Amino acid sequence: MAKIELKDVRKVYAGNVEAVKGVSLSVEDGAFVVLVGPSGCGKSTLLRMVAGLESISSGTVQIGDRVVNDLEPAERDIAMVFQNYALYPHMTVRKNLEYGLKNRKMAPAEIARRVDEAAKMLEIGALLDRRPGQLSGGQRQRVAMGRALVREPAAFLFDEPLSNLDAKLRVQMRAEIRRLQRRLRTTSLYVTHDQLEAMTLADTLVVLNAGRIEQAGSPMEVYERPASLFVATFIGSPAMNLLPLGEQGIPGLTAPEGLFSRTRPAETLGIRPEHMRVVDGEAPRPEEMRFDLTVSGVEVVGAESFVYGTLPKGGSEIAVRVPGYSHAEPGTPLTAAADTSYLHRFDRETGRRI
Amino acid sequence: MQKAVFPNKLLPYLLLAPQVAITLVFFYWPASQALYQSMLKEDPFGLKSKFVGLQNFAQVLGNPDYLNSVRVTVVFSVSTAVLAMALALFLATAAEKVVRGKGFYRTMLIWPYAVAPAVAGLLWLFMFNPSMGTFAYLLRDAGYRWNPLLDGDQAMLLVVVAAAWKQISYNFLFFVAALQSVPRSLIEAAAIDGASSTKRFWTIVFPLIAPTTFFLLVVNTVYAFFDTFGIIDAVTGGGPAQATQTLVYKVYNDGFVNLDLGGSAAQSVILMAIVIALTAIQFRYVEKRVHYA
Ligand SMILES: Nc1ncnc2c1ncn2[C@@H]1O[C@H](COP(=O)(O)OP(=O)(O)OP(=O)(O)O)[C@@H](O)[C@H]1O
Ligand SMILES: [Mg+2]
């Protein structure tokens, strides 16, 4: 078990591509930290620098009490689960699990004990004599986990380990990874571009954008108080509704007196779909904003529906969550309301939260 | 696999016809001619020939020269195949590590393949000819008694090196492609699993390129058997004292130089049988140990 500490880590690839632009991050001993961000934001690069598969251009990476910048991957006491699993195709599952232990000249009895234990934990006991080619995607995923588990490393590194699975299996494995990590309390750094996976797995969620950390915090913190426009739209589905606030307010939006009167830099307002409701003739309350929309579409998810509507004069499209089944007809007018306490306000220039 | 259904019953046979015709004309016809010829014996003036059954075969197999040639062929083929493949694999792994000038390096290594066997033989002959070769001169200067014209082992070494050199490029190309097809993440996983780079090569990379290695083994053996005639002829002419006379060379020598057509044909037939057997063995036994991913 160990803490992972990154200090101002940078990565410049050949051709002056700056993939990671100064990231400082600490993963506490036993914590589950999830790095999330759009494709190409440098998540894998960051993880691979921790693993030792990619050189570190500047800054330091510390695992436990050692700075590991110049250590080989094998010396860093980490195990990694790859997106494509990277199982050795010519070896049986058992050999795959044993490989890392044999290389470390571990006693055969201890190797057998660990393999058995991992096989039991992951329910892959019946597969030990098969080759990876004879396994399903989910089984391969388990074996890849097993290979990391038997090492009993100081930290687990995961690079999108579930993205090759179908939706149902992904949810199942997600829960399993969470359960295992809780049980073993091994420090884990997990990379994904799936915000749902990130929200459900993380102790600490780190949102990465273009090689920089946008925000780090508990999933609920990040969800409820996004630090920037980027985070606001990246986390949550459907994304937060955004409304650029102009000189004359926003056409079609009625807000309580004085809400937007402060002299400020240009602002963008944000409000999540689930904080909005459809008004059905009742009188406005004082702390409420009202939106005059024209329905543009309806998305029925099952337990809930999302009604999309546009503000007048070519205004923004706004999603409103409606419990159950919505009967809204495209083209008809609709009034939606939201409590002002749910409003997020961002500086349009810098994108930061106000 | 899906079964193709042709509207016309004749069409599939017509489509196959050219391939069948080529095989018939260039393989079955000469092969049957050789088989027929191998059972004939010509009179000393080459005017008449008579049917003698398996007598030619008995004569060939009872001849100590022939058995010597078998031994020479085995030594020559195994050495050539092993040397050509080992060096090519070494160069291919080195080429993987080259960062700058990869293309140039590869192109340079492919050139020898464009050289005709006899010319390759001549190149090596010139370099190592005891009376005028540069390297022969250097070797003698270094105190080594170099004379492949007299020393059978040295002659063998020279033809093996020349034959292998010619084949390295070909093997190199295949090994480079095979190495590139090994997923990088496997090697990274092995690195995290604590395997040194040598260990990674032997436990991960080598087993994964085994299909290519196996394929090259077949190709190189066949090459050493059949395609090295030009090299041997140019470098040693089968000498000294038949030390480099391989089976194919002997077929040529007995048939065209000594004009023993029946004996030569019998040798060809034996040679054909050997190659068929060899290939069958390779596929049956070696391939079983090969993992096709
Ligand atoms: N070997 C490399 N050489 C040059 N540039 C690279 C290299 N690897 C990655 N990059 C660049 O660095 C940036 C970050 O890449 P990285 O693989 O870390 O993204 P990622 O966040 O993992 O994306 P994804 O979600 O698609 O996996 C990208 O712009 C990519 O093009
Ligand atoms: Mg990635």
# chains A, B, ... in the order shown; residues from 1 in each chain; ligands from 1

call {"tool": "residues_near_ligand", "arguments": {"ligand": "ligand 2", "cutoff": "9 Å", "atoms": "only C-alpha atoms and all ligand atoms", "output": "list in words"}}
result
Ser39, Gly40, Cys41, Gly42, Lys43, Ser44, Thr45, Leu47, Gln83, Asp159, Glu160, Val191, Thr192 and His193 of chain A

call {"tool": "write_last_selection", "arguments": {"atoms": "C-alpha atoms", "output": "tab-separated table (two decimals), in the first residue's frame"}}
result
chain	number	residue	atom	x	y	z
A	39	SER	CA	-10.37	11.61	-25.68
A	40	GLY	CA	-6.85	12.94	-26.16
A	41	CYS	CA	-6.75	14.94	-22.92
A	42	GLY	CA	-3.68	13.05	-21.69
A	43	LYS	CA	-5.20	10.54	-19.27
A	44	SER	CA	-3.36	7.53	-20.61
A	45	THR	CA	-0.16	9.49	-20.90
A	47	LEU	CA	-1.10	6.91	-16.15
A	83	GLN	CA	-7.77	-1.58	-22.10
A	159	ASP	CA	-6.47	2.30	-18.28
A	160	GLU	CA	-10.10	2.11	-19.42
A	191	VAL	CA	-8.56	6.20	-16.17
A	192	THR	CA	-11.81	6.42	-18.09
A	193	HIS	CA	-13.64	8.71	-20.47

call {"tool": "residues_near_ligand", "arguments": {"ligand": "ligand 1", "cutoff": "12 Å", "atoms": "only C-alpha atoms and all ligand atoms", "output": "MDAnalysis selection string"}}
result
(chainID A and resid 10:21 35:49 53:55 82:84 158:161 163 190:195 207:213) or (chainID B and resid 184)

call {"tool": "closest_atom_pairs", "arguments": {"of": "chain A", "to": "chain B", "cutoff": "6 Å", "atoms": "only C-alpha atoms", "output": "CSV"}}
result
residue,atom,partner,partner_atom,distance
A:Pro73,CA,B:Ile192,CA,5.0
A:Ala74,CA,B:Gly194,CA,4.5
A:Ala86,CA,B:Leu186,CA,5.0
A:Gly100,CA,B:Asp193,CA,4.2
A:Asn103,CA,B:Gly194,CA,5.7

call {"tool": "write_last_selection", "arguments": {"atoms": "C-alpha atoms", "output": "PDB file, in the first residue's frame"}}
result
ATOM      1  CA  PRO A  73       8.206  -0.340 -14.500  1.00  0.00           C
ATOM      2  CA  ALA A  74       9.073  -3.587 -12.744  1.00  0.00           C
ATOM      3  CA  ALA A  86      -2.787  -7.502 -22.863  1.00  0.00           C
ATOM      4  CA  GLY A 100       4.898 -11.833 -12.924  1.00  0.00           C
ATOM      5  CA  ASN A 103       9.874 -13.448 -12.835  1.00  0.00           C
TER       6      ASN A 103
END

call {"tool": "closest_residue", "arguments": {"among": "A:Val81, A:Ile124, A:Leu184, A:Leu196", "to": "Met145 of chain A", "atoms": "only C-alpha atoms"}}
result
A:Val81

call {"tool": "select_by_dssp", "arguments": {"residues": "segment 79-169 of chain A", "states": "strand (DSSP E)", "output": "list in words"}}
result
Ala79, Met80, Val81, Ala155, Phe156, Leu157, Phe158 and Asp159 of chain A

call {"tool": "residues_around", "arguments": {"residues": "Thr186 of chain A", "least_positions_apart": "3", "cutoff": "7 Å", "atoms": "only C-alpha atoms", "output": "list in words"}}
result
Met1, Gly30, Ala154, Ala155, Phe156 and Gln181 of chain A

call {"tool": "write_last_selection", "arguments": {"atoms": "all heavy atoms", "output": "tab-separated table (two decimals), in the first residue's frame"}}
result
chain	number	residue	atom	x	y	z
A	1	MET	N	0.84	-1.19	0.00
A	1	MET	CA	0.00	0.00	0.00
A	1	MET	C	0.88	1.24	0.00
A	1	MET	O	1.89	1.28	0.67
A	1	MET	CB	-0.88	0.07	1.25
A	1	MET	CG	-1.60	-1.22	1.56
A	1	MET	SD	-3.03	-1.50	0.52
A	1	MET	CE	-2.75	-3.20	0.08
A	30	GLY	N	-4.66	3.83	-0.21
A	30	GLY	CA	-5.93	3.11	-0.16
A	30	GLY	C	-7.07	3.79	-0.90
A	30	GLY	O	-8.17	3.27	-0.95
A	154	ALA	N	1.72	-2.24	-4.63
A	154	ALA	CA	1.43	-1.07	-3.82
A	154	ALA	C	0.28	-0.27	-4.43
A	154	ALA	O	-0.44	0.42	-3.73
A	154	ALA	CB	2.67	-0.19	-3.71
A	155	ALA	N	0.14	-0.36	-5.74
A	155	ALA	CA	-0.94	0.39	-6.40
A	155	ALA	C	-1.40	-0.31	-7.66
A	155	ALA	O	-0.62	-0.95	-8.35
A	155	ALA	CB	-0.46	1.80	-6.72
A	156	PHE	N	-2.70	-0.14	-7.95
A	156	PHE	CA	-3.27	-0.61	-9.21
A	156	PHE	C	-3.42	0.57	-10.15
A	156	PHE	O	-3.87	1.64	-9.74
A	156	PHE	CB	-4.67	-1.18	-9.01
A	156	PHE	CG	-4.72	-2.49	-8.29
A	156	PHE	CD1	-5.63	-2.70	-7.28
A	156	PHE	CD2	-3.87	-3.53	-8.66
A	156	PHE	CE1	-5.70	-3.92	-6.62
A	156	PHE	CE2	-3.94	-4.75	-8.02
A	156	PHE	CZ	-4.85	-4.95	-6.99
A	181	GLN	N	-11.78	-3.36	-4.65
A	181	GLN	CA	-10.88	-2.31	-4.17
A	181	GLN	C	-11.21	-1.96	-2.72
A	181	GLN	O	-10.33	-1.77	-1.90
A	181	GLN	CB	-10.99	-1.08	-5.07
A	181	GLN	CG	-9.78	-0.16	-4.99
A	181	GLN	CD	-9.90	0.86	-3.87
A	181	GLN	OE1	-10.99	1.14	-3.39
A	181	GLN	NE2	-8.76	1.40	-3.44

call {"tool": "residues_around", "arguments": {"residues": "Ala155 of chain B", "least_positions_apart": "6", "cutoff": "10 Å", "atoms": "only C-alpha atoms", "output": "PyMOL selection string"}}
result
chain B and resi 146-149+161+232+235-236+238-240+243-244

call {"tool": "residues_around", "arguments": {"residues": "Leu40 of chain B", "least_positions_apart": "4", "cutoff": "6 Å", "atoms": "only C-alpha atoms", "output": "short mmCIF file (atom, residue, chain, number, x, y, z; two decimals) with all heavy atoms, in the first residue's frame"}}
result
data_model
loop_
_atom_site.label_atom_id
_atom_site.label_comp_id
_atom_site.auth_asym_id
_atom_site.auth_seq_id
_atom_site.Cartn_x
_atom_site.Cartn_y
_atom_site.Cartn_z
N LYS B 50 17.30 -48.69 -72.54
CA LYS B 50 16.42 -49.83 -72.22
C LYS B 50 15.90 -49.72 -70.79
O LYS B 50 16.50 -49.06 -69.94
CB LYS B 50 17.17 -51.15 -72.44
CG LYS B 50 18.31 -51.40 -71.48
CD LYS B 50 18.77 -52.87 -71.61
CE LYS B 50 19.68 -53.28 -70.50
NZ LYS B 50 21.04 -53.45 -70.67
N PHE B 51 14.77 -50.37 -70.59
CA PHE B 51 14.12 -50.33 -69.28
C PHE B 51 14.85 -51.23 -68.29
O PHE B 51 15.11 -52.38 -68.58
CB PHE B 51 12.67 -50.80 -69.44
CG PHE B 51 11.87 -50.65 -68.19
CD1 PHE B 51 11.40 -49.39 -67.82
CD2 PHE B 51 11.61 -51.74 -67.38
CE1 PHE B 51 10.66 -49.24 -66.66
CE2 PHE B 51 10.88 -51.58 -66.21
CZ PHE B 51 10.40 -50.34 -65.85
N VAL B 52 15.22 -50.66 -67.15
CA VAL B 52 15.98 -51.46 -66.19
C VAL B 52 15.31 -51.50 -64.81
O VAL B 52 15.90 -51.94 -63.83
CB VAL B 52 17.41 -50.93 -66.02
CG1 VAL B 52 18.20 -51.15 -67.30
CG2 VAL B 52 17.41 -49.46 -65.60
N GLY B 262 20.06 -41.63 -66.61
CA GLY B 262 19.24 -42.52 -65.78
C GLY B 262 19.54 -42.32 -64.31
O GLY B 262 18.63 -42.11 -63.51
#

call {"tool": "residues_around", "arguments": {"residues": "Gly217 of chain A", "least_positions_apart": "5", "cutoff": "6 Å", "atoms": "only C-alpha atoms", "output": "VMD selection string"}}
result
chain A and resid 204 to 205 222

call {"tool": "residues_around", "arguments": {"residues": "Pro112 of chain B", "least_positions_apart": "3", "cutoff": "12 Å", "atoms": "only C-alpha atoms", "output": "ChimeraX atom specification"}}
result
/B:106-109,115-117,119-121,123,162-173

call {"tool": "write_last_selection", "arguments": {"atoms": "N, CA, C and O atoms", "output": "CSV table (one decimal), in the first residue's frame"}}
result
chain,number,residue,atom,x,y,z
B,106,ARG,N,16.4,-0.3,-43.2
B,106,ARG,CA,15.6,-1.5,-43.8
B,106,ARG,C,15.9,-1.7,-45.2
B,106,ARG,O,16.2,-2.8,-45.7
B,107,THR,N,15.9,-0.6,-46.0
B,107,THR,CA,16.1,-0.6,-47.4
B,107,THR,C,17.5,-1.3,-47.7
B,107,THR,O,17.7,-2.1,-48.5
B,108,MET,N,18.5,-0.8,-46.9
B,108,MET,CA,19.8,-1.3,-47.1
B,108,MET,C,19.9,-2.8,-46.9
B,108,MET,O,20.6,-3.6,-47.6
B,109,LEU,N,19.1,-3.3,-45.9
B,109,LEU,CA,19.1,-4.7,-45.6
B,109,LEU,C,18.4,-5.6,-46.6
B,109,LEU,O,18.5,-6.8,-46.6
B,115,VAL,N,20.0,-9.5,-55.6
B,115,VAL,CA,21.2,-10.0,-56.3
B,115,VAL,C,21.0,-11.5,-56.7
B,115,VAL,O,20.5,-12.3,-55.9
B,116,ALA,N,21.3,-11.8,-57.9
B,116,ALA,CA,21.1,-13.2,-58.4
B,116,ALA,C,22.1,-14.1,-57.7
B,116,ALA,O,23.2,-13.8,-57.3
B,117,PRO,N,21.6,-15.4,-57.4
B,117,PRO,CA,22.4,-16.3,-56.6
B,117,PRO,C,23.8,-16.5,-57.2
B,117,PRO,O,24.8,-16.4,-56.4
B,119,VAL,N,25.6,-14.4,-58.9
B,119,VAL,CA,26.3,-13.2,-58.7
B,119,VAL,C,26.7,-13.1,-57.2
B,119,VAL,O,27.9,-12.7,-56.9
B,120,ALA,N,25.8,-13.4,-56.3
B,120,ALA,CA,26.1,-13.4,-54.9
B,120,ALA,C,27.3,-14.3,-54.7
B,120,ALA,O,28.2,-14.0,-54.0
B,121,GLY,N,27.3,-15.5,-55.3
B,121,GLY,CA,28.4,-16.5,-55.2
B,121,GLY,C,29.7,-15.8,-55.6
B,121,GLY,O,30.7,-15.9,-54.9
B,123,LEU,N,30.5,-12.7,-55.8
B,123,LEU,CA,30.9,-11.6,-54.8
B,123,LEU,C,31.7,-12.3,-53.7
B,123,LEU,O,32.8,-11.8,-53.4
B,162,ALA,N,27.7,-17.6,-48.0
B,162,ALA,CA,27.2,-16.9,-49.2
B,162,ALA,C,25.7,-17.2,-49.4
B,162,ALA,O,25.0,-16.3,-49.7
B,163,ALA,N,25.3,-18.5,-49.2
B,163,ALA,CA,23.9,-18.8,-49.4
B,163,ALA,C,23.1,-18.2,-48.3
B,163,ALA,O,22.0,-17.7,-48.6
B,164,ALA,N,23.5,-18.1,-47.1
B,164,ALA,CA,22.7,-17.5,-46.0
B,164,ALA,C,22.6,-16.0,-46.3
B,164,ALA,O,21.5,-15.4,-46.1
B,165,TRP,N,23.7,-15.4,-46.7
B,165,TRP,CA,23.7,-13.9,-46.9
B,165,TRP,C,22.6,-13.5,-47.9
B,165,TRP,O,21.9,-12.6,-47.7
B,166,LYS,N,22.5,-14.4,-48.9
B,166,LYS,CA,21.5,-14.1,-49.9
B,166,LYS,C,20.1,-14.2,-49.4
B,166,LYS,O,19.2,-13.5,-49.8
B,167,GLN,N,19.9,-15.0,-48.4
B,167,GLN,CA,18.5,-15.2,-47.9
B,167,GLN,C,18.1,-14.3,-46.7
B,167,GLN,O,17.0,-14.2,-46.4
B,168,ILE,N,19.1,-13.7,-46.1
B,168,ILE,CA,18.9,-12.9,-44.9
B,168,ILE,C,17.8,-11.8,-45.2
B,168,ILE,O,16.9,-11.6,-44.4
B,169,SER,N,17.9,-11.1,-46.3
B,169,SER,CA,17.0,-10.0,-46.6
B,169,SER,C,15.6,-10.5,-46.6
B,169,SER,O,14.7,-9.9,-46.0
B,170,TYR,N,15.3,-11.6,-47.2
B,170,TYR,CA,14.0,-12.2,-47.3
B,170,TYR,C,13.5,-12.5,-45.9
B,170,TYR,O,12.4,-12.0,-45.5
B,171,ASN,N,14.3,-13.2,-45.1
B,171,ASN,CA,13.9,-13.5,-43.7
B,171,ASN,C,13.7,-12.2,-42.9
B,171,ASN,O,12.7,-12.1,-42.1
B,172,PHE,N,14.5,-11.3,-43.1
B,172,PHE,CA,14.5,-10.0,-42.4
B,172,PHE,C,13.1,-9.3,-42.6
B,172,PHE,O,12.5,-8.9,-41.6
B,173,LEU,N,12.7,-9.3,-43.9
B,173,LEU,CA,11.4,-8.6,-44.1
B,173,LEU,C,10.3,-9.3,-43.4
B,173,LEU,O,9.4,-8.6,-42.8

call {"tool": "atom_distance", "arguments": {"atom1": "atom CA of Phe283 of chain B", "atom2": "atom CA of Val219 of chain B"}}
result
12.1 Å

call {"tool": "atom_distance", "arguments": {"atom1": "atom CA of Leu343 of chain A", "atom2": "atom CA of Pro312 of chain A"}}
result
20.3 Å

call {"tool": "atom_distance", "arguments": {"atom1": "atom CA of Lys102 of chain B", "atom2": "atom CA of Gln180 of chain B"}}
result
13.1 Å

call {"tool": "decode", "arguments": {"residues": "segment 161-243 of chain A", "atoms": "C-alpha atoms", "output": "mmCIF file, in the first residue's frame"}}
result
data_model
loop_
_atom_site.group_PDB
_atom_site.id
_atom_site.type_symbol
_atom_site.label_atom_id
_atom_site.label_comp_id
_atom_site.auth_asym_id
_atom_site.auth_seq_id
_atom_site.Cartn_x
_atom_site.Cartn_y
_atom_site.Cartn_z
ATOM 1 C CA PRO A 161 -10.364 -1.536 -18.408
ATOM 2 C CA LEU A 162 -14.091 -1.802 -19.115
ATOM 3 C CA SER A 163 -14.440 0.006 -22.409
ATOM 4 C CA ASN A 164 -14.322 -3.189 -24.468
ATOM 5 C CA LEU A 165 -17.270 -4.765 -22.651
ATOM 6 C CA ASP A 166 -20.954 -4.526 -23.482
ATOM 7 C CA ALA A 167 -23.086 -2.172 -21.407
ATOM 8 C CA LYS A 168 -24.511 -4.749 -19.034
ATOM 9 C CA LEU A 169 -21.207 -6.432 -18.304
ATOM 10 C CA ARG A 170 -19.600 -3.050 -17.825
ATOM 11 C CA VAL A 171 -22.009 -2.163 -15.044
ATOM 12 C CA GLN A 172 -21.436 -5.542 -13.429
ATOM 13 C CA MET A 173 -17.638 -5.356 -13.611
ATOM 14 C CA ARG A 174 -17.732 -1.795 -12.395
ATOM 15 C CA ALA A 175 -19.441 -2.904 -9.221
ATOM 16 C CA GLU A 176 -17.010 -5.762 -8.877
ATOM 17 C CA ILE A 177 -13.942 -3.564 -9.215
ATOM 18 C CA ARG A 178 -15.397 -1.259 -6.605
ATOM 19 C CA ARG A 179 -16.073 -4.141 -4.234
ATOM 20 C CA LEU A 180 -12.587 -5.612 -4.699
ATOM 21 C CA GLN A 181 -10.884 -2.313 -4.167
ATOM 22 C CA ARG A 182 -12.904 -1.634 -1.019
ATOM 23 C CA ARG A 183 -11.941 -5.029 0.271
ATOM 24 C CA LEU A 184 -8.241 -4.912 -0.572
ATOM 25 C CA ARG A 185 -7.778 -1.215 0.068
ATOM 26 C CA THR A 186 -5.099 -1.006 -2.593
ATOM 27 C CA THR A 187 -4.335 2.489 -3.818
ATOM 28 C CA SER A 188 -5.859 2.763 -7.277
ATOM 29 C CA LEU A 189 -5.589 5.180 -10.143
ATOM 30 C CA TYR A 190 -8.249 4.590 -12.755
ATOM 31 C CA VAL A 191 -8.562 6.199 -16.169
ATOM 32 C CA THR A 192 -11.812 6.422 -18.086
ATOM 33 C CA HIS A 193 -13.645 8.707 -20.468
ATOM 34 C CA ASP A 194 -17.013 7.461 -19.220
ATOM 35 C CA GLN A 195 -18.338 9.952 -16.695
ATOM 36 C CA LEU A 196 -20.842 7.490 -15.273
ATOM 37 C CA GLU A 197 -18.046 5.015 -14.533
ATOM 38 C CA ALA A 198 -16.034 7.835 -13.011
ATOM 39 C CA MET A 199 -18.894 8.982 -10.766
ATOM 40 C CA THR A 200 -19.701 5.531 -9.467
ATOM 41 C CA LEU A 201 -16.143 4.337 -8.823
ATOM 42 C CA ALA A 202 -14.283 7.312 -7.483
ATOM 43 C CA ASP A 203 -13.426 8.379 -3.986
ATOM 44 C CA THR A 204 -11.861 11.335 -5.691
ATOM 45 C CA LEU A 205 -12.763 12.403 -9.185
ATOM 46 C CA VAL A 206 -10.159 14.244 -11.217
ATOM 47 C CA VAL A 207 -11.402 15.933 -14.370
ATOM 48 C CA LEU A 208 -8.683 16.413 -16.927
ATOM 49 C CA ASN A 209 -8.898 18.685 -19.936
ATOM 50 C CA ALA A 210 -6.191 19.301 -22.525
ATOM 51 C CA GLY A 211 -3.401 18.124 -20.250
ATOM 52 C CA ARG A 212 -4.509 20.057 -17.172
ATOM 53 C CA ILE A 213 -6.606 19.271 -14.128
ATOM 54 C CA GLU A 214 -9.894 21.176 -14.310
ATOM 55 C CA GLN A 215 -11.196 20.023 -10.965
ATOM 56 C CA ALA A 216 -10.532 17.409 -8.325
ATOM 57 C CA GLY A 217 -12.918 16.430 -5.576
ATOM 58 C CA SER A 218 -15.492 13.910 -4.468
ATOM 59 C CA PRO A 219 -17.922 12.918 -7.241
ATOM 60 C CA MET A 220 -20.817 14.786 -5.599
ATOM 61 C CA GLU A 221 -18.711 17.875 -5.037
ATOM 62 C CA VAL A 222 -17.722 17.912 -8.682
ATOM 63 C CA TYR A 223 -21.298 17.314 -9.736
ATOM 64 C CA GLU A 224 -22.852 19.905 -7.494
ATOM 65 C CA ARG A 225 -20.224 22.594 -7.754
ATOM 66 C CA PRO A 226 -18.472 22.235 -11.104
ATOM 67 C CA ALA A 227 -15.459 24.511 -11.067
ATOM 68 C CA SER A 228 -15.677 25.391 -14.735
ATOM 69 C CA LEU A 229 -17.892 25.349 -17.786
ATOM 70 C CA PHE A 230 -15.918 22.380 -19.057
ATOM 71 C CA VAL A 231 -16.620 20.289 -15.968
ATOM 72 C CA ALA A 232 -20.240 21.428 -15.907
ATOM 73 C CA THR A 233 -20.884 20.084 -19.393
ATOM 74 C CA PHE A 234 -18.621 17.039 -19.115
ATOM 75 C CA ILE A 235 -20.115 15.572 -15.954
ATOM 76 C CA GLY A 236 -23.819 14.754 -16.061
ATOM 77 C CA SER A 237 -26.044 13.345 -18.765
ATOM 78 C CA PRO A 238 -27.763 14.964 -20.492
ATOM 79 C CA ALA A 239 -25.324 17.805 -20.042
ATOM 80 C CA MET A 240 -26.078 20.896 -17.973
ATOM 81 C CA ASN A 241 -28.148 23.515 -19.827
ATOM 82 C CA LEU A 242 -26.080 26.590 -20.638
ATOM 83 C CA LEU A 243 -27.466 30.072 -21.232
#
